Amino acid sequence: MLSYVVNNPEEIAVRRWGEAYRTYRRIWKHAGRGEYLGEVPPFIILDTIDACNLNCSICHQRGRRRTGTPLDARRVAALIRDAAPRGLYSINLSAMAEPYMHPENLYLLAETCRDAGLMDIMMHTNLLLPDADMIQRTVDAGVTHFCVSTDATTEETYQRMRGGDFSAVMENMRVLREIKKQRGDGYPIIRVSGVPVQENHEDMKHFGEFWRDYADIVEIQGYRADDSHSSAGTVITKRKVGCFQPWTRLMLWPTGEVNFCSSKEGYACPEVILGNYLEDPDATLRDYWLGEKAWNIRQAFRDGDLSGIESCRECLAKSFVPTEDDFA
């Protein structure tokens with residue numbers, strides 16, 4: 001992805017956490033190169049509920065039937081508390097759903113992560129559903145990073161791609177900015193992101209400039225091709241090579257499945273599901289992370305032979321990454 005940094009998130013975090021944060025980030029970088037494998041993943045992702053209030057044209061979850069299943073937050077909280085002292089440093093409390101569709105799960109898990117000492121407590125949101133009190137409660141619960149997906153700089157583009165109320169997003173961004181200002185410690189860190197397609201190509205050319213007054217970091221993300229997209233397709237052509245997720249994260253789905261990522265290809269694919277935490281009430285994250293199936297998937301990536309992992313091979317074939325030249 002392309003990043004436009006206004007305030008360096010790592011510098012903000014180091015002011016709070018000191019050398020412990022630098023250690024975590026060193027581990028993260030080594031893991032991203034396949035050079036480190038701890039007792040548990042350094043990062044986990046999940047959804048508070050398998051539901052979303054939008055049906056965005058570029059979402060690679062389009063076409064997947066949403067179950068509406070809420071996450072078993074207390075079961076997941078127990079997994080987090082067990083993993084935190086073993087090397088779990090960060091979490092994303094929403095991967096492919098809208099966390100404010102089940103805010104109580106969001107608050108409970110944020111508080112769990114805060115109390116367990118996790119340093120980066122992130123969430124992805126379209127920021128359409130909360131009011132000011134909900135945003136304040138989210139910050140008070142411990143969320144350190146608001147990752148707001150907009151894909152646009154104008155009402156017209158936003159309507160075309162997302163179908164929501166752009167003015168509501170802008171008002172909530174102002175609320176979030178004011179909360180950050182009042183706190184005075186650099187938190188919460190605010191990230192705004194967009195996925196580049198033909199419909200928003202002009203917006204992407206000045207995406208960073210538009211959002212810099214609201215965000216610490218503005219990012220143009222990679223593109224995942226999918227037949228269910230209603231967009232006209234991406235403007236970027238550089239293909240993604242390799243995948244670091246088997247060394248950096250686990251995904252916990254509300255329906256119980258555990259795998260390495262949030263791709264639609266891997267959602268219900270037996271070849272990459274490492275287990276089910278609802279069906280295995282005594283299992284820990286360590287059991288999935290260091291299990292035989294996880295080792296075999298990592299080895300397939302090391303060997304460059306994904307012939308036995310169709311979902312991973314398909315995902316890589318559909319993934320593109322942006323370059324500066326794409327938005328010149």
# chains A, B, ... in the order shown; residues from 1 in each chain; ligands from 1
>>> residues_around(residues="Asn259 (chain A)", least_positions_apart="6", cutoff="12 Å", atoms="only C-alpha atoms", output="JSON list (two decimals) with C-alpha atoms, in the first residue's frame")
[["chain", "number", "residue", "atom", "x", "y", "z"],
["A", 41, "PRO", "CA", 0.81, -14.76, 16.67],
["A", 44, "ILE", "CA", -4.94, -11.33, 15.57],
["A", 45, "ILE", "CA", -7.94, -10.10, 13.61],
["A", 46, "LEU", "CA", -11.63, -10.77, 14.09],
["A", 245, "GLN", "CA", 0.24, -13.54, 7.02],
["A", 246, "PRO", "CA", 1.12, -17.13, 8.06],
["A", 247, "TRP", "CA", 3.91, -15.63, 10.19],
["A", 248, "THR", "CA", 2.09, -12.59, 11.57],
["A", 249, "ARG", "CA", -1.58, -13.22, 12.29],
["A", 250, "LEU", "CA", -4.56, -15.40, 12.92],
["A", 251, "MET", "CA", -8.13, -14.58, 11.91],
["A", 252, "LEU", "CA", -10.96, -15.57, 14.28],
["A", 253, "TRP", "CA", -14.30, -15.70, 12.48],
["A", 265, "GLU", "CA", -11.30, -17.56, -0.63],
["A", 266, "GLY", "CA", -10.17, -18.82, 2.78],
["A", 267, "TYR", "CA", -13.38, -18.15, 4.70],
["A", 268, "ALA", "CA", -14.84, -21.63, 4.50],
["A", 269, "CYS", "CA", -12.08, -23.53, 2.72],
["A", 270, "PRO", "CA", -11.09, -26.69, 4.66],
["A", 271, "GLU", "CA", -7.53, -26.64, 3.34],
["A", 272, "VAL", "CA", -6.69, -23.45, 5.27],
["A", 273, "ILE", "CA", -8.97, -23.72, 8.32],
["A", 274, "LEU", "CA", -6.78, -24.50, 11.32],
["A", 275, "GLY", "CA", -9.62, -25.35, 13.69],
["A", 276, "ASN", "CA", -12.77, -23.99, 15.32],
["A", 277, "TYR", "CA", -12.53, -22.29, 18.71],
["A", 285, "LEU", "CA", -4.26, -19.62, 20.05],
["A", 288, "TYR", "CA", -3.66, -23.28, 16.17],
["A", 289, "TRP", "CA", -0.52, -21.22, 15.60],
["A", 291, "GLY", "CA", -0.25, -26.88, 14.85],
["A", 293, "LYS", "CA", -1.53, -27.67, 9.51],
["A", 294, "ALA", "CA", -0.13, -24.19, 10.14],
["A", 297, "ILE", "CA", 1.00, -24.00, 5.01],
["A", 311, "SER", "CA", -7.44, -20.71, -1.94],
["A", 312, "CYS", "CA", -4.02, -19.12, -1.31]]
>>> residues_around(residues="Pro103 (chain A)", least_positions_apart="3", cutoff="9 Å", atoms="only C-alpha atoms", output="PyMOL selection string")
chain A and resi 48+99-100+106-108+130+134+138
>>> closest_residue(among="A:Asp280, A:Glu324, A:Asp131, A:Glu209", to="Gln221 (chain A)", atoms="only C-alpha atoms")
A:Glu324
>>> residues_around(residues="region 238-240 of chain A", least_positions_apart="2", cutoff="6 Å", atoms="only C-alpha atoms", output="list in words")
Ser319, Phe320 and Val321 of chain A
>>> closest_residue(among="A:Pro322, A:Gly308, A:Gly222, A:Pro254", to="His60 (chain A)", atoms="only C-alpha atoms")
A:Gly222
>>> select_by_dssp(residues="region 28-173 of chain A", states="strand (DSSP E)", output="PyMOL selection string")
chain A and resi 43-46+90-92+120-125+145-149
>>> write_last_selection(atoms="N, CA and C atoms", output="PDB file, in the first residue's frame")
ATOM      1  N   PHE A  43      -0.235 -10.794  16.248  1.00  0.00           N
ATOM      2  CA  PHE A  43      -1.389  -9.997  15.846  1.00  0.00           C
ATOM      3  C   PHE A  43      -2.542 -10.933  15.542  1.00  0.00           C
ATOM      4  N   ILE A  44      -3.751 -10.583  15.980  1.00  0.00           N
ATOM      5  CA  ILE A  44      -4.939 -11.330  15.566  1.00  0.00           C
ATOM      6  C   ILE A  44      -5.978 -10.355  15.020  1.00  0.00           C
ATOM      7  N   ILE A  45      -6.838 -10.873  14.158  1.00  0.00           N
ATOM      8  CA  ILE A  45      -7.938 -10.096  13.610  1.00  0.00           C
ATOM      9  C   ILE A  45      -9.232 -10.876  13.808  1.00  0.00           C
ATOM     10  N   LEU A  46     -10.335 -10.150  13.872  1.00  0.00           N
ATOM     11  CA  LEU A  46     -11.632 -10.774  14.091  1.00  0.00           C
ATOM     12  C   LEU A  46     -12.728  -9.821  13.638  1.00  0.00           C
ATOM     13  N   SER A  90      -0.909  -7.124  19.411  1.00  0.00           N
ATOM     14  CA  SER A  90      -1.848  -6.220  18.751  1.00  0.00           C
ATOM     15  C   SER A  90      -3.046  -6.989  18.215  1.00  0.00           C
ATOM     16  N   ILE A  91      -4.098  -6.222  17.917  1.00  0.00           N
ATOM     17  CA  ILE A  91      -5.346  -6.833  17.465  1.00  0.00           C
ATOM     18  C   ILE A  91      -6.090  -5.867  16.562  1.00  0.00           C
ATOM     19  N   ASN A  92      -6.837  -6.416  15.628  1.00  0.00           N
ATOM     20  CA  ASN A  92      -7.783  -5.643  14.829  1.00  0.00           C
ATOM     21  C   ASN A  92      -9.177  -6.165  15.160  1.00  0.00           C
ATOM     22  N   ASP A 120      -1.311  -2.167  20.378  1.00  0.00           N
ATOM     23  CA  ASP A 120      -2.084  -1.644  19.252  1.00  0.00           C
ATOM     24  C   ASP A 120      -3.443  -2.331  19.255  1.00  0.00           C
ATOM     25  N   ILE A 121      -4.487  -1.564  19.500  1.00  0.00           N
ATOM     26  CA  ILE A 121      -5.856  -2.085  19.508  1.00  0.00           C
ATOM     27  C   ILE A 121      -6.605  -1.342  18.408  1.00  0.00           C
ATOM     28  N   MET A 122      -6.733  -1.991  17.264  1.00  0.00           N
ATOM     29  CA  MET A 122      -7.229  -1.344  16.053  1.00  0.00           C
ATOM     30  C   MET A 122      -8.666  -1.747  15.757  1.00  0.00           C
ATOM     31  N   MET A 123      -9.303  -0.944  14.938  1.00  0.00           N
ATOM     32  CA  MET A 123     -10.596  -1.328  14.381  1.00  0.00           C
ATOM     33  C   MET A 123     -10.761  -0.665  13.021  1.00  0.00           C
ATOM     34  N   HIS A 124     -11.354  -1.394  12.082  1.00  0.00           N
ATOM     35  CA  HIS A 124     -11.723  -0.842  10.794  1.00  0.00           C
ATOM     36  C   HIS A 124     -13.220  -0.553  10.813  1.00  0.00           C
ATOM     37  N   THR A 125     -13.592   0.602  10.312  1.00  0.00           N
ATOM     38  CA  THR A 125     -14.991   1.009  10.337  1.00  0.00           C
ATOM     39  C   THR A 125     -15.274   1.960   9.194  1.00  0.00           C
ATOM     40  N   HIS A 145      -6.433   2.735  17.527  1.00  0.00           N
ATOM     41  CA  HIS A 145      -6.356   3.057  16.103  1.00  0.00           C
ATOM     42  C   HIS A 145      -7.750   2.977  15.480  1.00  0.00           C
ATOM     43  N   PHE A 146      -8.229   4.064  14.919  1.00  0.00           N
ATOM     44  CA  PHE A 146      -9.431   4.055  14.097  1.00  0.00           C
ATOM     45  C   PHE A 146      -8.992   4.031  12.643  1.00  0.00           C
ATOM     46  N   CYS A 147      -9.304   2.951  11.938  1.00  0.00           N
ATOM     47  CA  CYS A 147      -8.976   2.821  10.523  1.00  0.00           C
ATOM     48  C   CYS A 147     -10.274   3.014   9.742  1.00  0.00           C
ATOM     49  N   VAL A 148     -10.439   4.165   9.130  1.00  0.00           N
ATOM     50  CA  VAL A 148     -11.696   4.554   8.508  1.00  0.00           C
ATOM     51  C   VAL A 148     -11.596   4.385   6.993  1.00  0.00           C
ATOM     52  N   SER A 149     -12.438   3.525   6.455  1.00  0.00           N
ATOM     53  CA  SER A 149     -12.439   3.255   5.015  1.00  0.00           C
ATOM     54  C   SER A 149     -13.401   4.218   4.334  1.00  0.00           C
TER      55      SER A 149
END
>>> closest_residue(among="A:Cys113, A:Ala283, A:Leu54, A:Ile135", to="Gly164 (chain A)", atoms="only C-alpha atoms")
A:Leu54
>>> decode(residues="region 171-318 of chain A", atoms="C-alpha atoms", output="PDB file, in the first residue's frame")
ATOM      1  CA  GLU A 171     -19.115  14.816  10.940  1.00  0.00           C
ATOM      2  CA  ASN A 172     -17.852  11.741  12.792  1.00  0.00           C
ATOM      3  CA  MET A 173     -14.329  12.409  11.546  1.00  0.00           C
ATOM      4  CA  ARG A 174     -14.604  15.881  13.094  1.00  0.00           C
ATOM      5  CA  VAL A 175     -15.781  14.303  16.364  1.00  0.00           C
ATOM      6  CA  LEU A 176     -12.881  11.875  16.321  1.00  0.00           C
ATOM      7  CA  ARG A 177     -10.393  14.639  15.580  1.00  0.00           C
ATOM      8  CA  GLU A 178     -11.730  16.709  18.489  1.00  0.00           C
ATOM      9  CA  ILE A 179     -11.465  13.769  20.917  1.00  0.00           C
ATOM     10  CA  LYS A 180      -7.878  13.261  19.816  1.00  0.00           C
ATOM     11  CA  LYS A 181      -7.125  16.945  20.302  1.00  0.00           C
ATOM     12  CA  GLN A 182      -8.649  16.991  23.793  1.00  0.00           C
ATOM     13  CA  ARG A 183      -6.651  13.947  24.903  1.00  0.00           C
ATOM     14  CA  GLY A 184      -3.369  15.523  23.885  1.00  0.00           C
ATOM     15  CA  ASP A 185      -1.361  12.283  23.842  1.00  0.00           C
ATOM     16  CA  GLY A 186      -1.607  11.538  20.112  1.00  0.00           C
ATOM     17  CA  TYR A 187      -4.330   8.920  20.577  1.00  0.00           C
ATOM     18  CA  PRO A 188      -6.414   7.623  19.023  1.00  0.00           C
ATOM     19  CA  ILE A 189      -4.305   7.235  15.896  1.00  0.00           C
ATOM     20  CA  ILE A 190      -6.503   7.908  12.868  1.00  0.00           C
ATOM     21  CA  ARG A 191      -5.967   6.224   9.521  1.00  0.00           C
ATOM     22  CA  VAL A 192      -8.045   6.861   6.401  1.00  0.00           C
ATOM     23  CA  SER A 193      -7.854   4.395   3.524  1.00  0.00           C
ATOM     24  CA  GLY A 194      -9.115   3.887   0.008  1.00  0.00           C
ATOM     25  CA  VAL A 195      -9.050   1.105  -2.565  1.00  0.00           C
ATOM     26  CA  PRO A 196      -8.152   2.398  -6.041  1.00  0.00           C
ATOM     27  CA  VAL A 197     -10.516   1.604  -8.904  1.00  0.00           C
ATOM     28  CA  GLN A 198     -11.510   3.415 -12.067  1.00  0.00           C
ATOM     29  CA  GLU A 199     -14.463   5.166 -10.397  1.00  0.00           C
ATOM     30  CA  ASN A 200     -12.309   6.920  -7.792  1.00  0.00           C
ATOM     31  CA  HIS A 201      -9.060   7.347  -9.730  1.00  0.00           C
ATOM     32  CA  GLU A 202      -9.282  11.140  -9.702  1.00  0.00           C
ATOM     33  CA  ASP A 203     -10.039  11.134  -5.954  1.00  0.00           C
ATOM     34  CA  MET A 204      -7.012   8.963  -5.291  1.00  0.00           C
ATOM     35  CA  LYS A 205      -4.720  11.491  -6.943  1.00  0.00           C
ATOM     36  CA  HIS A 206      -5.361  13.939  -4.104  1.00  0.00           C
ATOM     37  CA  PHE A 207      -6.542  11.479  -1.453  1.00  0.00           C
ATOM     38  CA  GLY A 208      -3.678  12.226   0.926  1.00  0.00           C
ATOM     39  CA  GLU A 209      -4.030  15.971   0.605  1.00  0.00           C
ATOM     40  CA  PHE A 210      -7.784  15.866   1.276  1.00  0.00           C
ATOM     41  CA  TRP A 211      -7.657  13.666   4.389  1.00  0.00           C
ATOM     42  CA  ARG A 212      -4.449  14.932   5.992  1.00  0.00           C
ATOM     43  CA  ASP A 213      -6.382  17.413   8.173  1.00  0.00           C
ATOM     44  CA  TYR A 214      -8.222  14.503   9.782  1.00  0.00           C
ATOM     45  CA  ALA A 215      -5.757  11.641   9.796  1.00  0.00           C
ATOM     46  CA  ASP A 216      -2.304  10.709  11.075  1.00  0.00           C
ATOM     47  CA  ILE A 217      -1.803   8.435   8.115  1.00  0.00           C
ATOM     48  CA  VAL A 218      -3.605   8.163   4.774  1.00  0.00           C
ATOM     49  CA  GLU A 219      -3.257   4.952   2.782  1.00  0.00           C
ATOM     50  CA  ILE A 220      -4.067   3.763  -0.704  1.00  0.00           C
ATOM     51  CA  GLN A 221      -4.558   0.045  -0.357  1.00  0.00           C
ATOM     52  CA  GLY A 222      -4.013  -2.876  -2.644  1.00  0.00           C
ATOM     53  CA  TYR A 223      -6.803  -4.249  -4.815  1.00  0.00           C
ATOM     54  CA  ARG A 224      -8.361  -7.708  -4.641  1.00  0.00           C
ATOM     55  CA  ALA A 225     -10.046  -8.690  -7.898  1.00  0.00           C
ATOM     56  CA  ASP A 226     -13.386 -10.439  -7.551  1.00  0.00           C
ATOM     57  CA  ASP A 227     -16.134 -11.286 -10.033  1.00  0.00           C
ATOM     58  CA  SER A 228     -18.736  -9.973  -7.590  1.00  0.00           C
ATOM     59  CA  HIS A 229     -17.318  -6.420  -7.652  1.00  0.00           C
ATOM     60  CA  SER A 230     -19.632  -3.875  -9.222  1.00  0.00           C
ATOM     61  CA  SER A 231     -16.768  -1.436  -9.814  1.00  0.00           C
ATOM     62  CA  ALA A 232     -15.157  -1.077 -13.214  1.00  0.00           C
ATOM     63  CA  GLY A 233     -11.884  -2.530 -11.970  1.00  0.00           C
ATOM     64  CA  THR A 234      -8.552  -1.391 -10.667  1.00  0.00           C
ATOM     65  CA  VAL A 235      -6.136   1.138 -12.120  1.00  0.00           C
ATOM     66  CA  ILE A 236      -3.088  -0.632 -10.685  1.00  0.00           C
ATOM     67  CA  THR A 237      -1.267  -3.451 -12.417  1.00  0.00           C
ATOM     68  CA  LYS A 238       1.572  -4.623 -10.160  1.00  0.00           C
ATOM     69  CA  ARG A 239       0.778  -8.065  -8.800  1.00  0.00           C
ATOM     70  CA  LYS A 240       1.328  -9.002  -5.190  1.00  0.00           C
ATOM     71  CA  VAL A 241       4.095 -11.555  -4.649  1.00  0.00           C
ATOM     72  CA  GLY A 242       4.135 -13.818  -1.594  1.00  0.00           C
ATOM     73  CA  CYS A 243       2.223 -13.529   1.658  1.00  0.00           C
ATOM     74  CA  PHE A 244       3.441 -12.723   5.175  1.00  0.00           C
ATOM     75  CA  GLN A 245       0.243 -13.543   7.021  1.00  0.00           C
ATOM     76  CA  PRO A 246       1.120 -17.135   8.058  1.00  0.00           C
ATOM     77  CA  TRP A 247       3.912 -15.628  10.190  1.00  0.00           C
ATOM     78  CA  THR A 248       2.093 -12.593  11.568  1.00  0.00           C
ATOM     79  CA  ARG A 249      -1.581 -13.219  12.295  1.00  0.00           C
ATOM     80  CA  LEU A 250      -4.564 -15.402  12.917  1.00  0.00           C
ATOM     81  CA  MET A 251      -8.135 -14.583  11.909  1.00  0.00           C
ATOM     82  CA  LEU A 252     -10.958 -15.571  14.282  1.00  0.00           C
ATOM     83  CA  TRP A 253     -14.300 -15.702  12.485  1.00  0.00           C
ATOM     84  CA  PRO A 254     -17.566 -15.228  14.420  1.00  0.00           C
ATOM     85  CA  THR A 255     -18.629 -18.690  13.253  1.00  0.00           C
ATOM     86  CA  GLY A 256     -15.601 -20.177  15.033  1.00  0.00           C
ATOM     87  CA  GLU A 257     -13.196 -20.924  12.192  1.00  0.00           C
ATOM     88  CA  VAL A 258      -9.535 -20.002  12.600  1.00  0.00           C
ATOM     89  CA  ASN A 259      -7.245 -19.314   9.661  1.00  0.00           C
ATOM     90  CA  PHE A 260      -4.475 -16.898   8.705  1.00  0.00           C
ATOM     91  CA  CYS A 261      -6.427 -14.181   6.913  1.00  0.00           C
ATOM     92  CA  SER A 262      -9.750 -12.579   6.088  1.00  0.00           C
ATOM     93  CA  SER A 263      -9.909 -13.432   2.394  1.00  0.00           C
ATOM     94  CA  LYS A 264     -13.174 -14.686   1.011  1.00  0.00           C
ATOM     95  CA  GLU A 265     -11.299 -17.560  -0.626  1.00  0.00           C
ATOM     96  CA  GLY A 266     -10.172 -18.817   2.778  1.00  0.00           C
ATOM     97  CA  TYR A 267     -13.378 -18.147   4.705  1.00  0.00           C
ATOM     98  CA  ALA A 268     -14.841 -21.632   4.496  1.00  0.00           C
ATOM     99  CA  CYS A 269     -12.075 -23.534   2.721  1.00  0.00           C
ATOM    100  CA  PRO A 270     -11.094 -26.693   4.663  1.00  0.00           C
ATOM    101  CA  GLU A 271      -7.534 -26.641   3.337  1.00  0.00           C
ATOM    102  CA  VAL A 272      -6.689 -23.454   5.271  1.00  0.00           C
ATOM    103  CA  ILE A 273      -8.974 -23.723   8.323  1.00  0.00           C
ATOM    104  CA  LEU A 274      -6.784 -24.501  11.323  1.00  0.00           C
ATOM    105  CA  GLY A 275      -9.622 -25.347  13.693  1.00  0.00           C
ATOM    106  CA  ASN A 276     -12.765 -23.995  15.321  1.00  0.00           C
ATOM    107  CA  TYR A 277     -12.525 -22.290  18.714  1.00  0.00           C
ATOM    108  CA  LEU A 278     -16.254 -22.785  19.353  1.00  0.00           C
ATOM    109  CA  GLU A 279     -16.008 -26.521  18.766  1.00  0.00           C
ATOM    110  CA  ASP A 280     -12.701 -26.776  20.680  1.00  0.00           C
ATOM    111  CA  PRO A 281     -13.486 -25.071  24.008  1.00  0.00           C
ATOM    112  CA  ASP A 282     -10.105 -25.928  25.543  1.00  0.00           C
ATOM    113  CA  ALA A 283      -7.965 -24.870  22.582  1.00  0.00           C
ATOM    114  CA  THR A 284      -5.700 -21.822  22.774  1.00  0.00           C
ATOM    115  CA  LEU A 285      -4.259 -19.619  20.046  1.00  0.00           C
ATOM    116  CA  ARG A 286      -0.958 -21.430  20.548  1.00  0.00           C
ATOM    117  CA  ASP A 287      -2.594 -24.723  19.522  1.00  0.00           C
ATOM    118  CA  TYR A 288      -3.665 -23.284  16.166  1.00  0.00           C
ATOM    119  CA  TRP A 289      -0.519 -21.220  15.601  1.00  0.00           C
ATOM    120  CA  LEU A 290       1.932 -24.067  16.155  1.00  0.00           C
ATOM    121  CA  GLY A 291      -0.252 -26.881  14.852  1.00  0.00           C
ATOM    122  CA  GLU A 292       0.804 -29.219  12.063  1.00  0.00           C
ATOM    123  CA  LYS A 293      -1.533 -27.667   9.513  1.00  0.00           C
ATOM    124  CA  ALA A 294      -0.130 -24.187  10.138  1.00  0.00           C
ATOM    125  CA  TRP A 295       3.427 -25.478   9.730  1.00  0.00           C
ATOM    126  CA  ASN A 296       2.524 -27.187   6.450  1.00  0.00           C
ATOM    127  CA  ILE A 297       1.002 -24.003   5.008  1.00  0.00           C
ATOM    128  CA  ARG A 298       4.082 -21.980   5.964  1.00  0.00           C
ATOM    129  CA  GLN A 299       6.319 -24.580   4.365  1.00  0.00           C
ATOM    130  CA  ALA A 300       4.310 -24.430   1.145  1.00  0.00           C
ATOM    131  CA  PHE A 301       4.952 -20.681   0.986  1.00  0.00           C
ATOM    132  CA  ARG A 302       8.651 -21.197   1.738  1.00  0.00           C
ATOM    133  CA  ASP A 303       8.882 -23.777  -1.043  1.00  0.00           C
ATOM    134  CA  GLY A 304       6.939 -21.588  -3.460  1.00  0.00           C
ATOM    135  CA  ASP A 305       4.572 -24.486  -4.111  1.00  0.00           C
ATOM    136  CA  LEU A 306       0.917 -23.647  -3.440  1.00  0.00           C
ATOM    137  CA  SER A 307      -0.401 -26.437  -5.637  1.00  0.00           C
ATOM    138  CA  GLY A 308      -2.104 -28.010  -2.619  1.00  0.00           C
ATOM    139  CA  ILE A 309      -3.580 -24.729  -1.321  1.00  0.00           C
ATOM    140  CA  GLU A 310      -5.954 -23.556  -4.010  1.00  0.00           C
ATOM    141  CA  SER A 311      -7.444 -20.709  -1.942  1.00  0.00           C
ATOM    142  CA  CYS A 312      -4.023 -19.123  -1.311  1.00  0.00           C
ATOM    143  CA  ARG A 313      -2.998 -19.509  -4.933  1.00  0.00           C
ATOM    144  CA  GLU A 314      -6.267 -17.940  -6.090  1.00  0.00           C
ATOM    145  CA  CYS A 315      -5.908 -15.062  -3.624  1.00  0.00           C
ATOM    146  CA  LEU A 316      -2.405 -14.172  -4.830  1.00  0.00           C
ATOM    147  CA  ALA A 317      -3.515 -14.340  -8.451  1.00  0.00           C
ATOM    148  CA  LYS A 318      -6.197 -11.727  -7.716  1.00  0.00           C
TER     149      LYS A 318
END
